[in-house]
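A.B. asks: Data file model-v8.tsv (TSV, C-alpha atoms) is appended below.
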chain	number	residue	atom	x	y	z
A	1	MET	CA	-28.76	56.28	9.14
A	2	ILE	CA	-26.72	53.65	7.26
A	3	LYS	CA	-25.82	51.94	10.55
A	4	LYS	CA	-29.52	51.75	11.52
A	5	LEU	CA	-30.50	50.26	8.15
A	6	THR	CA	-27.69	47.71	8.43
A	7	LEU	CA	-28.80	46.76	11.94
A	8	ILE	CA	-32.42	46.36	10.80
A	9	ALA	CA	-31.27	44.20	7.87
A	10	LEU	CA	-29.18	41.96	10.14
A	11	ILE	CA	-32.10	41.56	12.56
A	12	SER	CA	-34.39	40.66	9.65
A	13	VAL	CA	-31.94	38.05	8.30
A	14	HIS	CA	-31.46	36.56	11.76
A	15	THR	CA	-35.23	36.35	12.20
A	16	LEU	CA	-35.60	34.57	8.86
A	17	MET	CA	-32.79	32.13	9.69
A	18	ALA	CA	-34.22	31.43	13.12
A	19	LYS	CA	-37.72	30.84	11.73
A	20	PRO	CA	-38.48	27.09	11.92
A	21	LEU	CA	-38.91	25.34	8.57
A	22	PHE	CA	-42.41	24.08	9.23
A	23	VAL	CA	-45.51	23.61	7.09
A	24	GLU	CA	-48.64	23.87	9.19
A	25	GLY	CA	-51.69	21.69	8.66
A	26	LYS	CA	-52.11	18.09	7.58
A	27	ASN	CA	-52.39	17.01	3.94
A	28	LYS	CA	-54.27	13.82	3.06
A	29	MET	CA	-52.17	13.46	-0.11
A	30	VAL	CA	-48.98	13.21	1.92
A	31	GLN	CA	-47.81	9.70	2.82
A	32	THR	CA	-45.28	8.86	5.51
A	33	SER	CA	-43.20	5.87	6.54
A	34	LYS	CA	-40.92	5.07	9.46
A	35	PRO	CA	-37.20	4.81	8.68
A	36	LYS	CA	-35.43	1.49	8.99
A	37	SER	CA	-32.48	1.36	11.34
A	38	THR	CA	-29.34	-0.28	9.91
A	39	LYS	CA	-25.73	-0.88	10.87
A	40	SER	CA	-24.48	-1.29	7.31
A	41	VAL	CA	-24.46	1.56	4.80
A	42	TYR	CA	-24.39	0.57	1.14
A	43	LEU	CA	-21.91	2.87	-0.61
A	44	GLY	CA	-22.44	1.52	-4.11
A	45	SER	CA	-21.17	-0.84	-6.77
A	46	PHE	CA	-17.75	0.02	-8.19
A	47	LEU	CA	-15.06	-1.35	-10.50
A	48	ALA	CA	-11.94	-2.19	-8.49
A	49	GLN	CA	-8.48	-3.10	-9.77
A	50	GLY	CA	-5.83	-5.20	-8.07
A	51	HIS	CA	-2.80	-3.10	-7.17
A	52	LEU	CA	0.48	-4.58	-5.94
A	53	PRO	CA	2.95	-2.46	-3.89
A	54	ALA	CA	6.41	-2.17	-5.41
A	55	GLY	CA	8.01	-4.05	-2.51
A	56	GLN	CA	5.89	-7.15	-3.15
A	57	THR	CA	7.23	-8.09	-6.56
A	58	PHE	CA	10.78	-9.29	-7.19
A	59	ARG	CA	12.53	-9.79	-10.52
A	60	ILE	CA	15.30	-12.32	-9.86
A	61	ASP	CA	18.25	-12.12	-12.27
A	62	ALA	CA	21.44	-14.15	-12.42
A	63	PRO	CA	24.05	-12.52	-10.16
A	64	LEU	CA	26.91	-14.17	-12.10
A	65	GLU	CA	27.81	-16.40	-15.04
A	66	GLY	CA	27.33	-20.08	-14.45
A	67	VAL	CA	25.34	-23.26	-14.92
A	68	VAL	CA	22.00	-24.01	-13.24
A	69	GLU	CA	23.09	-26.99	-11.19
A	70	LYS	CA	19.76	-27.36	-9.37
A	71	LEU	CA	16.29	-25.84	-9.86
A	72	ASP	CA	14.05	-26.33	-6.85
A	73	VAL	CA	10.81	-24.54	-7.91
A	74	GLY	CA	8.27	-24.66	-10.74
A	75	ILE	CA	6.14	-22.12	-12.57
A	76	TYR	CA	3.12	-20.83	-10.58
A	77	GLU	CA	4.38	-22.56	-7.42
A	78	THR	CA	3.56	-20.81	-4.15
A	79	ILE	CA	6.59	-20.64	-1.86
A	80	SER	CA	7.63	-19.24	1.50
A	81	LYS	CA	10.28	-16.60	2.19
A	82	GLY	CA	13.72	-18.16	2.54
A	83	LYS	CA	13.03	-21.24	0.39
A	84	LEU	CA	15.88	-22.40	-1.85
A	85	LEU	CA	15.06	-21.46	-5.45
A	86	LEU	CA	18.12	-22.67	-7.38
A	87	VAL	CA	21.83	-23.39	-7.23
A	88	ILE	CA	24.34	-21.93	-9.72
A	89	LYS	CA	27.79	-23.43	-10.27
A	90	SER	CA	30.17	-20.79	-11.58
A	91	PRO	CA	33.80	-21.15	-12.75
A	92	LYS	CA	34.01	-17.35	-12.61
A	93	ILE	CA	33.12	-17.13	-8.93
A	94	LEU	CA	35.67	-19.87	-8.14
A	95	GLU	CA	38.31	-17.80	-9.94
A	96	LEU	CA	37.39	-14.69	-7.93
A	97	GLU	CA	37.36	-16.67	-4.69
A	98	ALA	CA	40.81	-18.12	-5.46
A	99	THR	CA	42.16	-14.61	-6.03
A	100	TYR	CA	40.54	-13.42	-2.79
A	101	ILE	CA	41.98	-16.33	-0.78
A	102	ASN	CA	45.46	-15.69	-2.23
A	103	LEU	CA	45.19	-12.00	-1.27
A	104	LEU	CA	44.15	-12.99	2.26
A	105	ILE	CA	47.25	-15.19	2.58
A	106	GLU	CA	49.53	-12.44	1.24
A	107	LYS	CA	47.92	-9.88	3.54
A	108	GLU	CA	48.38	-12.14	6.57
A	109	TYR	CA	52.01	-12.86	5.65
A	110	ASN	CA	52.84	-9.16	5.22
A	111	ALA	CA	51.04	-8.24	8.42
A	112	ASN	CA	53.29	-10.70	10.26
A	113	GLU	CA	56.33	-9.27	8.44
A	114	VAL	CA	55.47	-5.71	9.52
A	115	ALA	CA	54.94	-6.94	13.09
A	116	ARG	CA	58.38	-8.65	12.98
A	117	LEU	CA	60.24	-5.63	11.53
A	118	LYS	CA	58.65	-2.97	13.74
A	119	PRO	CA	60.67	-3.63	16.95
A	120	LEU	CA	63.84	-4.11	14.86
A	121	TYR	CA	63.24	-0.78	13.11
A	122	GLU	CA	62.59	0.96	16.42
A	123	ALA	CA	65.85	-0.55	17.76
A	124	SER	CA	67.68	0.65	14.60
A	125	VAL	CA	68.55	-2.92	13.66
A	126	VAL	CA	66.92	-2.66	10.18
A	127	ALA	CA	66.79	0.29	7.86
A	128	LYS	CA	63.75	2.56	7.68
A	129	LYS	CA	63.43	1.86	3.95
A	130	GLN	CA	62.96	-1.88	4.53
A	131	TYR	CA	60.28	-1.27	7.20
A	132	LEU	CA	58.37	1.25	5.04
A	133	LYS	CA	58.47	-1.14	2.08
A	134	ALA	CA	56.87	-3.85	4.22
A	135	GLN	CA	54.19	-1.38	5.36
A	136	ASN	CA	53.42	-0.34	1.78
A	137	THR	CA	53.16	-3.95	0.65
A	138	LEU	CA	50.75	-4.68	3.49
A	139	ALA	CA	48.64	-1.63	2.58
A	140	LYS	CA	48.51	-2.80	-1.07
A	141	TYR	CA	47.23	-6.27	-0.13
A	142	ALA	CA	44.80	-4.83	2.42
A	143	THR	CA	43.26	-2.56	-0.27
A	144	GLN	CA	43.02	-5.39	-2.82
A	145	THR	CA	41.51	-7.73	-0.22
A	146	GLU	CA	38.84	-5.16	0.68
A	147	PHE	CA	38.04	-4.70	-3.02
A	148	TYR	CA	37.52	-8.43	-3.59
A	149	TYR	CA	35.53	-8.72	-0.35
A	150	HIS	CA	32.90	-6.42	-1.87
A	151	LEU	CA	33.30	-7.77	-5.41
A	152	LEU	CA	32.36	-11.28	-4.31
A	153	GLN	CA	29.15	-9.93	-2.78
A	154	GLU	CA	28.37	-8.01	-5.95
A	155	TRP	CA	28.73	-11.26	-7.89
A	156	GLY	CA	26.16	-13.03	-5.77
A	157	LEU	CA	27.76	-14.27	-2.56
A	158	SER	CA	26.13	-13.27	0.70
A	159	LYS	CA	28.08	-11.37	3.34
A	160	ILE	CA	27.95	-14.48	5.55
A	161	GLN	CA	29.50	-16.58	2.76
A	162	VAL	CA	32.30	-14.08	2.17
A	163	LYS	CA	33.03	-13.94	5.91
A	164	SER	CA	33.17	-17.75	5.93
A	165	ILE	CA	35.73	-17.71	3.07
A	166	THR	CA	37.70	-15.04	4.96
A	167	LYS	CA	37.80	-17.19	8.08
A	168	THR	CA	38.33	-20.66	6.58
A	169	LYS	CA	40.14	-19.66	3.36
A	170	LYS	CA	38.05	-22.28	1.56
A	171	PRO	CA	36.04	-21.43	-1.59
A	172	VAL	CA	32.27	-21.66	-1.91
A	173	PRO	CA	31.77	-23.63	-5.14
A	174	ASN	CA	28.04	-22.94	-5.59
A	175	ILE	CA	25.74	-19.94	-5.30
A	176	LYS	CA	22.41	-20.63	-3.62
A	177	ILE	CA	19.52	-18.28	-4.41
A	178	TYR	CA	16.75	-18.05	-1.80
A	179	ALA	CA	13.26	-16.52	-2.00
A	180	PRO	CA	13.35	-12.89	-0.75
A	181	ILE	CA	9.57	-12.89	0.00
A	182	SER	CA	6.70	-15.34	0.25
A	183	GLY	CA	4.63	-15.52	-2.91
A	184	LYS	CA	4.13	-17.18	-6.28
A	185	ILE	CA	6.50	-17.79	-9.18
A	186	THR	CA	4.78	-15.99	-12.07
A	187	ASP	CA	7.40	-16.58	-14.74
A	188	LEU	CA	10.30	-19.01	-14.99
A	189	ASN	CA	12.90	-18.66	-17.75
A	190	ILE	CA	15.54	-21.20	-16.70
A	191	PHE	CA	15.98	-24.98	-16.60
A	192	PRO	CA	18.59	-27.37	-15.14
A	193	LYS	CA	22.03	-27.42	-16.86
A	194	MET	CA	21.27	-24.10	-18.57
A	195	TYR	CA	24.21	-21.72	-18.87
A	196	LEU	CA	23.44	-18.23	-17.56
A	197	GLN	CA	24.99	-14.90	-18.39
A	198	ARG	CA	25.35	-12.41	-15.57
A	199	GLY	CA	22.18	-10.28	-15.32
A	200	GLU	CA	20.03	-12.75	-17.29
A	201	HIS	CA	16.40	-12.84	-16.09
A	202	MET	CA	15.58	-16.08	-14.27
A	203	MET	CA	12.16	-15.66	-12.64
A	204	THR	CA	9.65	-13.24	-11.10
A	205	LEU	CA	8.18	-13.69	-7.64
A	206	ILE	CA	5.11	-11.77	-6.45
A	207	ASN	CA	3.25	-11.78	-3.15
A	208	GLU	CA	-0.27	-11.82	-4.53
A	209	GLN	CA	-1.76	-11.98	-1.04
A	210	SER	CA	-0.67	-8.37	-0.49
A	211	ALA	CA	-2.61	-7.12	-3.54
A	212	HIS	CA	-4.64	-4.03	-2.68
A	213	LEU	CA	-7.82	-2.88	-4.35
A	214	GLU	CA	-7.80	0.50	-6.01
A	215	VAL	CA	-11.27	1.95	-6.50
A	216	ALA	CA	-12.46	5.34	-7.73
A	217	LEU	CA	-15.06	6.61	-5.26
A	218	PRO	CA	-17.31	9.65	-5.72
A	219	LEU	CA	-15.97	12.75	-4.02
A	220	ASP	CA	-18.84	12.98	-1.51
A	221	ILE	CA	-18.11	9.42	-0.29
A	222	ALA	CA	-14.32	9.77	-0.24
A	223	LYS	CA	-14.59	12.89	1.93
A	224	LYS	CA	-16.30	10.87	4.67
A	225	LEU	CA	-13.58	8.20	4.82
A	226	GLU	CA	-10.24	8.22	6.59
A	227	PRO	CA	-7.22	5.86	6.49
A	228	GLY	CA	-7.80	3.04	8.96
A	229	PHE	CA	-11.57	2.88	8.47
A	230	THR	CA	-12.99	-0.62	7.99
A	231	LEU	CA	-15.31	-1.21	5.04
A	232	TYR	CA	-16.79	-4.42	3.67
A	233	ILE	CA	-16.87	-5.94	0.22
A	234	ASP	CA	-19.91	-8.13	0.67
A	235	ASP	CA	-18.91	-9.90	3.93
A	236	LYS	CA	-15.13	-9.49	3.54
A	237	PRO	CA	-13.50	-6.72	5.65
A	238	VAL	CA	-11.09	-4.30	4.00
A	239	GLU	CA	-9.16	-1.41	5.50
A	240	VAL	CA	-8.91	2.03	3.94
A	241	GLU	CA	-5.15	2.17	3.46
A	242	SER	CA	-4.84	5.50	1.66
A	243	ILE	CA	-6.90	8.19	-0.05
A	244	ALA	CA	-5.48	10.12	-2.99
A	245	ALA	CA	-4.90	13.82	-2.45
A	246	GLU	CA	-6.13	14.76	-5.93
A	247	VAL	CA	-9.56	14.58	-7.54
A	248	ASP	CA	-10.03	13.28	-11.08
A	249	VAL	CA	-11.42	16.40	-12.72
A	250	ARG	CA	-13.14	14.38	-15.46
A	251	THR	CA	-15.08	11.96	-13.25
A	252	GLN	CA	-15.01	13.87	-9.93
A	253	THR	CA	-13.79	10.74	-8.19
A	254	VAL	CA	-10.95	10.03	-5.76
A	255	ALA	CA	-8.67	6.95	-5.89
A	256	VAL	CA	-8.92	4.97	-2.66
A	257	HIS	CA	-6.70	1.98	-1.80
A	258	LEU	CA	-8.36	-0.82	0.17
A	259	LEU	CA	-6.28	-3.48	1.91
A	260	PRO	CA	-8.06	-6.85	2.41
A	261	LYS	CA	-7.84	-8.08	5.99
A	262	ASP	CA	-8.39	-11.67	4.87
A	263	GLU	CA	-7.45	-13.61	1.76
A	264	PHE	CA	-9.29	-11.92	-1.08
A	265	PHE	CA	-8.11	-13.64	-4.27
A	266	ILE	CA	-7.54	-10.65	-6.50
A	267	MET	CA	-4.50	-10.60	-8.75
A	268	PRO	CA	-2.46	-7.51	-9.63
A	269	ASN	CA	-4.15	-5.61	-12.49
A	270	GLU	CA	-7.23	-7.85	-12.25
A	271	LYS	CA	-10.49	-5.89	-12.48
A	272	LYS	CA	-13.54	-6.85	-10.47
A	273	ASN	CA	-16.97	-5.35	-9.72
A	274	ILE	CA	-17.45	-4.94	-5.99
A	275	LYS	CA	-20.30	-3.88	-3.71
A	276	LEU	CA	-18.96	-1.69	-0.93
A	277	PHE	CA	-20.51	-1.35	2.53
A	278	TRP	CA	-19.66	0.86	5.51
A	279	PRO	CA	-20.39	-0.55	9.00
A	280	LYS	CA	-22.08	2.54	10.42
A	281	ASN	CA	-25.33	3.27	12.23
A	282	ALA	CA	-27.78	4.96	9.89
A	283	PHE	CA	-31.41	5.04	8.74
A	284	GLU	CA	-32.73	3.71	5.45
A	285	ILE	CA	-35.32	5.96	3.84
A	286	SER	CA	-36.94	6.12	0.41
A	287	VAL	CA	-35.19	8.02	-2.39
A	288	SER	CA	-38.44	9.95	-2.94
A	289	SER	CA	-38.19	11.42	0.57
A	290	VAL	CA	-35.02	13.42	-0.12
A	291	ILE	CA	-35.31	16.91	-1.60
A	292	LYS	CA	-32.88	19.80	-1.92
A	293	TYR	CA	-33.47	22.96	0.12
A	294	ASN	CA	-30.88	25.74	0.08
A	295	ASN	CA	-28.76	23.28	-1.96
A	296	LYS	CA	-28.67	20.86	0.96
A	297	PRO	CA	-30.34	17.43	1.31
A	298	THR	CA	-33.47	17.50	3.51
A	299	VAL	CA	-36.57	15.47	4.39
A	300	PHE	CA	-39.97	16.37	5.83
A	301	VAL	CA	-40.92	14.73	9.13
A	302	GLU	CA	-44.52	14.66	10.32
A	303	LYS	CA	-44.98	16.56	13.58
A	304	GLU	CA	-47.94	17.66	15.65
A	305	GLY	CA	-49.78	20.25	13.59
A	306	GLY	CA	-47.81	19.81	10.37
A	307	TYR	CA	-44.50	18.85	8.77
A	308	ALA	CA	-41.00	19.95	9.76
A	309	LEU	CA	-38.16	20.18	7.26
A	310	ILE	CA	-34.88	18.85	8.65
A	311	TYR	CA	-31.39	18.69	7.15
A	312	ILE	CA	-29.76	15.29	6.76
A	313	ASP	CA	-26.33	13.87	6.03
A	314	ILE	CA	-26.40	11.32	3.21
A	315	LEU	CA	-23.94	8.48	3.90
A	316	GLY	CA	-24.78	6.33	0.88
A	317	ARG	CA	-27.51	5.40	-1.55
A	318	SER	CA	-28.84	2.68	-3.82
A	319	SER	CA	-31.40	2.85	-6.62
A	320	SER	CA	-34.33	2.91	-4.17
A	321	LYS	CA	-32.86	3.71	-0.76
A	322	VAL	CA	-30.88	6.49	0.84
A	323	TYR	CA	-28.77	5.96	3.97
A	324	VAL	CA	-28.93	9.04	6.16
A	325	ASP	CA	-27.85	10.38	9.51
A	326	SER	CA	-29.52	13.15	11.48
A	327	PRO	CA	-29.93	13.82	15.21
A	328	GLU	CA	-33.57	14.74	14.52
A	329	ILE	CA	-34.51	11.35	13.09
A	330	THR	CA	-35.40	8.38	15.30
A	331	ALA	CA	-36.82	4.93	14.61
A	332	SER	CA	-40.31	6.28	15.41
A	333	SER	CA	-40.09	9.31	13.09
A	334	LYS	CA	-42.64	9.53	10.28
A	335	ILE	CA	-40.75	10.47	7.14
A	336	VAL	CA	-42.70	11.89	4.21
A	337	ILE	CA	-42.27	9.52	1.25
A	338	SER	CA	-44.90	11.01	-1.06
A	339	GLY	CA	-45.84	14.67	-1.41
A	340	ALA	CA	-42.48	16.13	-0.35
A	341	ILE	CA	-42.34	18.36	-3.45
A	342	SER	CA	-45.73	19.92	-2.70
A	343	LEU	CA	-44.69	20.55	0.91
A	344	LYS	CA	-41.53	22.23	-0.33
A	345	GLY	CA	-43.65	24.47	-2.52
A	346	ALA	CA	-45.88	25.37	0.43
A	347	LEU	CA	-42.80	26.13	2.55
A	348	GLU	CA	-41.34	28.39	-0.12
A	349	GLY	CA	-44.74	30.09	-0.41
A	350	GLN	CA	-44.65	30.85	3.28
A	351	SER	CA	-41.17	32.34	2.90
A	352	ASP	CA	-42.41	34.64	0.11
A	353	ASP	CA	-45.23	35.81	2.34
So that I can check it, write out the structure of this file as structure tokens.
C.D. replies:
Amino acid sequence: MIKKLTLIALISVHTLMAKPLFVEGKNKMVQTSKPKSTKSVYLGSFLAQGHLPAGQTFRIDAPLEGVVEKLDVGIYETISKGKLLLVIKSPKILELEATYINLLIEKEYNANEVARLKPLYEASVVAKKQYLKAQNTLAKYATQTEFYYHLLQEWGLSKIQVKSITKTKKPVPNIKIYAPISGKITDLNIFPKMYLQRGEHMMTLINEQSAHLEVALPLDIAKKLEPGFTLYIDDKPVEVESIAAEVDVRTQTVAVHLLPKDEFFIMPNEKKNIKLFWPKNAFEISVSSVIKYNNKPTVFVEKEGGYALIYIDILGRSSSKVYVDSPEITASSKIVISGAISLKGALEGQSDD
């Protein structure tokens, strides 16, 4: 008996679900309008903030003690990667280089001595103790040389410079500092002939052209986007770089990073109001056309003999327009723009019957 009642209930539910949402008869109070086809969906006006990736800002500090012998850039100057920024003359680095060169000479001498004693030791001409002493001395100088090889790099010399000293046994008197990225000098704390302490801050370089826009988008919009999508801020293209995995529980928004494809002129931490558009085929309809039915957005479309209720997907909205997508809407559809509430009431009345 229970199985029969359950079957009857399922059949009844299926019949109700399958029943078309249609209000029969025409109503003179109902007004309709054709939707406008568009290829640009207005997502809204939002407050965006310039956001700079960590790898696009460089704090440049003095790698060693010394005097600023030459300063080749100015504050707020835009420069290219690899440009010479400044030259530091350092008595300390010359002292380290002199020690390194002396160690290289001692290492080379002892390597030759070990090479000379080896066949004599193997022929029992010299004592084992003398040969082992030469080997130990060579090992000592080899270890010290390796230590200074890395120490010179830690103090600001490049690996190429240290290799040049190793080969030529000539010191590098000056340290040249080059720009690690292209960008703008945003602060400059040094001047020519200034004496620097090791680690002292000299300047900051940022690549402002790589500034992203961070914008908090409503959850229903963020869900429709994916990384790689192209959006527009007015007529400037931006790419959806990333979408945050968490929702702000207070505002129900999601942080979205937008990467300008062209020069956009937004500075890190700068705030700017933007109008965001999505290049997508859609229809513009009046805000008054959209009503909720079963907690889903719908519109009434005039058909032969009455009005059909159809479900829509809202892509965006403005104060007076809604941008929608639905396979049941065409450019020739007649969308109800006035009287939708009364039609909804008539439809719900039919359901009660």
A.B. asks: Could you name the residues that touch Ile175 in chain A at 7 Å or less, counting all atoms listed in the file, but leaving out those on the same chain fewer than 5 positions away, as a list in words?
C.D. replies: Val87, Ile88, Lys89, Gly156 and Leu157 of chain A
A.B. asks: Could you give me, as a Markdown table, every range 174-225 of chain A residue with an atom at most 12 Å from range 293-317 of chain A, plus its closest atom pair and distance in Å to one decimal, counting all atoms listed in the file, rows ordered by chain then number?
C.D. replies:
| residue | atom | partner | partner_atom | distance |
| --- | --- | --- | --- | --- |
| A:Leu217 | CA | A:Gly316 | CA | 11.5 |
| A:Pro218 | CA | A:Gly316 | CA | 10.5 |
| A:Leu219 | CA | A:Gly316 | CA | 12.0 |
| A:Asp220 | CA | A:Leu315 | CA | 8.7 |
| A:Ile221 | CA | A:Leu315 | CA | 7.2 |
| A:Ala222 | CA | A:Leu315 | CA | 10.6 |
| A:Lys223 | CA | A:Leu315 | CA | 10.5 |
| A:Lys224 | CA | A:Leu315 | CA | 8.0 |
| A:Leu225 | CA | A:Leu315 | CA | 10.4 |
A.B. asks: Pick out the residues sitting within 12 Å of Ser342 in chain A, and hand them over as a ChimeraX atom specification; count all atoms listed in the file, and ignore anything fewer than 5 positions along from it in its own chain.
C.D. replies: /A:23,27-31,289,291,300,307,336-337,347-349
A.B. asks: Could you check the closest approach to Leu43 in chain A for each of A:Lys280, A:Arg198, A:Lys334, A:Lys140 and tell me which residue wins, using only C-alpha atoms?
C.D. replies: A:Lys280
A.B. asks: Could you tell me how far CA of Trp278 in chain A sits from CA of Leu231 in chain A, in Å to one decimal place?
C.D. replies: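 One can read the CA of Leu231 in chain A to CA of Trp278 in chain A distance as 4.8 Å.
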A.B. asks: Interatomic distance between CA of Gln209 in chain A and CA of Met267 in chain A?
C.D. replies: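 Interatomic distance here is 8.3 Å.
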A.B. asks: So what do you get for CA of Leu132 in chain A versus CA of Ala98 in chain A, distance-wise?
C.D. replies: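 Going from CA of Leu132 in chain A over to CA of Ala98 in chain A, I get 28.2 Å.
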A.B. asks: Name the closest residue to Gly345 in chain A among the candidates A:Phe22, A:Leu120, A:Ile233, A:Asn273; distances are taken between atoms, counting only C-alpha atoms.
C.D. replies: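 Comparing A:Phe22, A:Leu120, A:Ile233, A:Asn273 against Gly345 in chain A, the winner is A:Phe22.
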A.B. asks: Within 12 Å of (45.7, -5.3, 6.4), only C-alpha atoms: residues as an NGL selection string?
C.D. replies: :A and (103-115 or 134-146)
A.B. asks: So that I have them on file, write out the residues from the current selection with C-alpha atoms, as a PDB file, in the frame of the given file.
C.D. replies:
ATOM      1  CA  LEU A 103      45.190 -12.000  -1.270  1.00  0.00           C
ATOM      2  CA  LEU A 104      44.150 -12.990   2.260  1.00  0.00           C
ATOM      3  CA  ILE A 105      47.250 -15.190   2.580  1.00  0.00           C
ATOM      4  CA  GLU A 106      49.530 -12.440   1.240  1.00  0.00           C
ATOM      5  CA  LYS A 107      47.920  -9.880   3.540  1.00  0.00           C
ATOM      6  CA  GLU A 108      48.380 -12.140   6.570  1.00  0.00           C
ATOM      7  CA  TYR A 109      52.010 -12.860   5.650  1.00  0.00           C
ATOM      8  CA  ASN A 110      52.840  -9.160   5.220  1.00  0.00           C
ATOM      9  CA  ALA A 111      51.040  -8.240   8.420  1.00  0.00           C
ATOM     10  CA  ASN A 112      53.290 -10.700  10.260  1.00  0.00           C
ATOM     11  CA  GLU A 113      56.330  -9.270   8.440  1.00  0.00           C
ATOM     12  CA  VAL A 114      55.470  -5.710   9.520  1.00  0.00           C
ATOM     13  CA  ALA A 115      54.940  -6.940  13.090  1.00  0.00           C
ATOM     14  CA  ALA A 134      56.870  -3.850   4.220  1.00  0.00           C
ATOM     15  CA  GLN A 135      54.190  -1.380   5.360  1.00  0.00           C
ATOM     16  CA  ASN A 136      53.420  -0.340   1.780  1.00  0.00           C
ATOM     17  CA  THR A 137      53.160  -3.950   0.650  1.00  0.00           C
ATOM     18  CA  LEU A 138      50.750  -4.680   3.490  1.00  0.00           C
ATOM     19  CA  ALA A 139      48.640  -1.630   2.580  1.00  0.00           C
ATOM     20  CA  LYS A 140      48.510  -2.800  -1.070  1.00  0.00           C
ATOM     21  CA  TYR A 141      47.230  -6.270  -0.130  1.00  0.00           C
ATOM     22  CA  ALA A 142      44.800  -4.830   2.420  1.00  0.00           C
ATOM     23  CA  THR A 143      43.260  -2.560  -0.270  1.00  0.00           C
ATOM     24  CA  GLN A 144      43.020  -5.390  -2.820  1.00  0.00           C
ATOM     25  CA  THR A 145      41.510  -7.730  -0.220  1.00  0.00           C
ATOM     26  CA  GLU A 146      38.840  -5.160   0.680  1.00  0.00           C
TER      27      GLU A 146
END
A.B. asks: Which polymer residues have any atom within 9 Å of an atom of Lys163 in chain A, counting only C-alpha atoms, with same-chain residues fewer than 5 positions away left out, as a list in words?
C.D. replies: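 In the requested form, the answer reads Tyr149, Ser158 and Thr168 of chain A.
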A.B. asks: For range 194-196 of chain A, work out the shell of residues within 9 Å, counting only C-alpha atoms and skipping chain neighbours fewer than 6 positions away, then give it as number ranges by chain.
C.D. replies: A: 62, 64-69, 88, 202
A.B. asks: Just checking: using all atoms listed in the file, which residue out of A:Leu117, A:Val240, A:Lys39, A:Ile165 ends up closest to Lys129 in chain A?
C.D. replies: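 Of A:Leu117, A:Val240, A:Lys39, A:Ile165, the one nearest Lys129 in chain A is A:Leu117, counting all atoms listed in the file.
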A.B. asks: Point out the residue among A:Gln197, A:Phe191, A:Pro260, A:Asp325 with the least atom-to-atom distance to Val238 in chain A, counting only C-alpha atoms.
C.D. replies: A:Pro260
A.B. asks: Which is closest to Ser318 in chain A among A:Lys170, A:Lys275, A:Lys159, A:His201, if we use all atoms listed in the file?
C.D. replies: A:Lys275
A.B. asks: Compare A:Leu96, A:Ile101, A:Ile79, A:Leu52 by their minimum atom-to-atom distance to Ser210 in chain A, counting all atoms listed in the file, and give me the closest one.
C.D. replies: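 Of A:Leu96, A:Ile101, A:Ile79, A:Leu52, the one nearest Ser210 in chain A, counting all atoms listed in the file, is A:Leu52.
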A.B. asks: Missing atoms in range 59-67 of chain A need filling: write out N, CA, C and O atoms for it as a PDB file, keeping the file's coordinate frame.
C.D. replies:
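Result file is rebuild-v5.pdb:
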ATOM      1  N   ARG A  59      11.936  -9.237  -9.293  1.00  0.00           N
ATOM      2  CA  ARG A  59      12.530  -9.790 -10.520  1.00  0.00           C
ATOM      3  C   ARG A  59      13.892 -10.354 -10.112  1.00  0.00           C
ATOM      4  O   ARG A  59      14.757  -9.624  -9.635  1.00  0.00           O
ATOM      5  N   ILE A  60      14.074 -11.659 -10.294  1.00  0.00           N
ATOM      6  CA  ILE A  60      15.300 -12.320  -9.860  1.00  0.00           C
ATOM      7  C   ILE A  60      16.157 -12.619 -11.079  1.00  0.00           C
ATOM      8  O   ILE A  60      15.764 -13.394 -11.955  1.00  0.00           O
ATOM      9  N   ASP A  61      17.326 -11.962 -11.144  1.00  0.00           N
ATOM     10  CA  ASP A  61      18.250 -12.120 -12.270  1.00  0.00           C
ATOM     11  C   ASP A  61      19.502 -12.843 -11.797  1.00  0.00           C
ATOM     12  O   ASP A  61      19.831 -12.869 -10.599  1.00  0.00           O
ATOM     13  N   ALA A  62      20.214 -13.414 -12.754  1.00  0.00           N
ATOM     14  CA  ALA A  62      21.440 -14.150 -12.420  1.00  0.00           C
ATOM     15  C   ALA A  62      22.509 -13.191 -11.913  1.00  0.00           C
ATOM     16  O   ALA A  62      22.864 -12.238 -12.602  1.00  0.00           O
ATOM     17  N   PRO A  63      23.024 -13.425 -10.711  1.00  0.00           N
ATOM     18  CA  PRO A  63      24.050 -12.520 -10.160  1.00  0.00           C
ATOM     19  C   PRO A  63      25.430 -12.741 -10.789  1.00  0.00           C
ATOM     20  O   PRO A  63      26.327 -11.929 -10.608  1.00  0.00           O
ATOM     21  N   LEU A  64      25.600 -13.864 -11.533  1.00  0.00           N
ATOM     22  CA  LEU A  64      26.910 -14.170 -12.100  1.00  0.00           C
ATOM     23  C   LEU A  64      26.749 -15.189 -13.222  1.00  0.00           C
ATOM     24  O   LEU A  64      25.689 -15.797 -13.405  1.00  0.00           O
ATOM     25  N   GLU A  65      27.798 -15.357 -14.008  1.00  0.00           N
ATOM     26  CA  GLU A  65      27.810 -16.400 -15.040  1.00  0.00           C
ATOM     27  C   GLU A  65      27.881 -17.757 -14.373  1.00  0.00           C
ATOM     28  O   GLU A  65      28.530 -17.931 -13.340  1.00  0.00           O
ATOM     29  N   GLY A  66      27.247 -18.732 -15.000  1.00  0.00           N
ATOM     30  CA  GLY A  66      27.330 -20.080 -14.450  1.00  0.00           C
ATOM     31  C   GLY A  66      26.264 -21.002 -15.002  1.00  0.00           C
ATOM     32  O   GLY A  66      25.452 -20.616 -15.846  1.00  0.00           O
ATOM     33  N   VAL A  67      26.267 -22.226 -14.487  1.00  0.00           N
ATOM     34  CA  VAL A  67      25.340 -23.260 -14.920  1.00  0.00           C
ATOM     35  C   VAL A  67      24.319 -23.514 -13.812  1.00  0.00           C
ATOM     36  O   VAL A  67      24.674 -23.560 -12.625  1.00  0.00           O
TER      37      VAL A  67
END
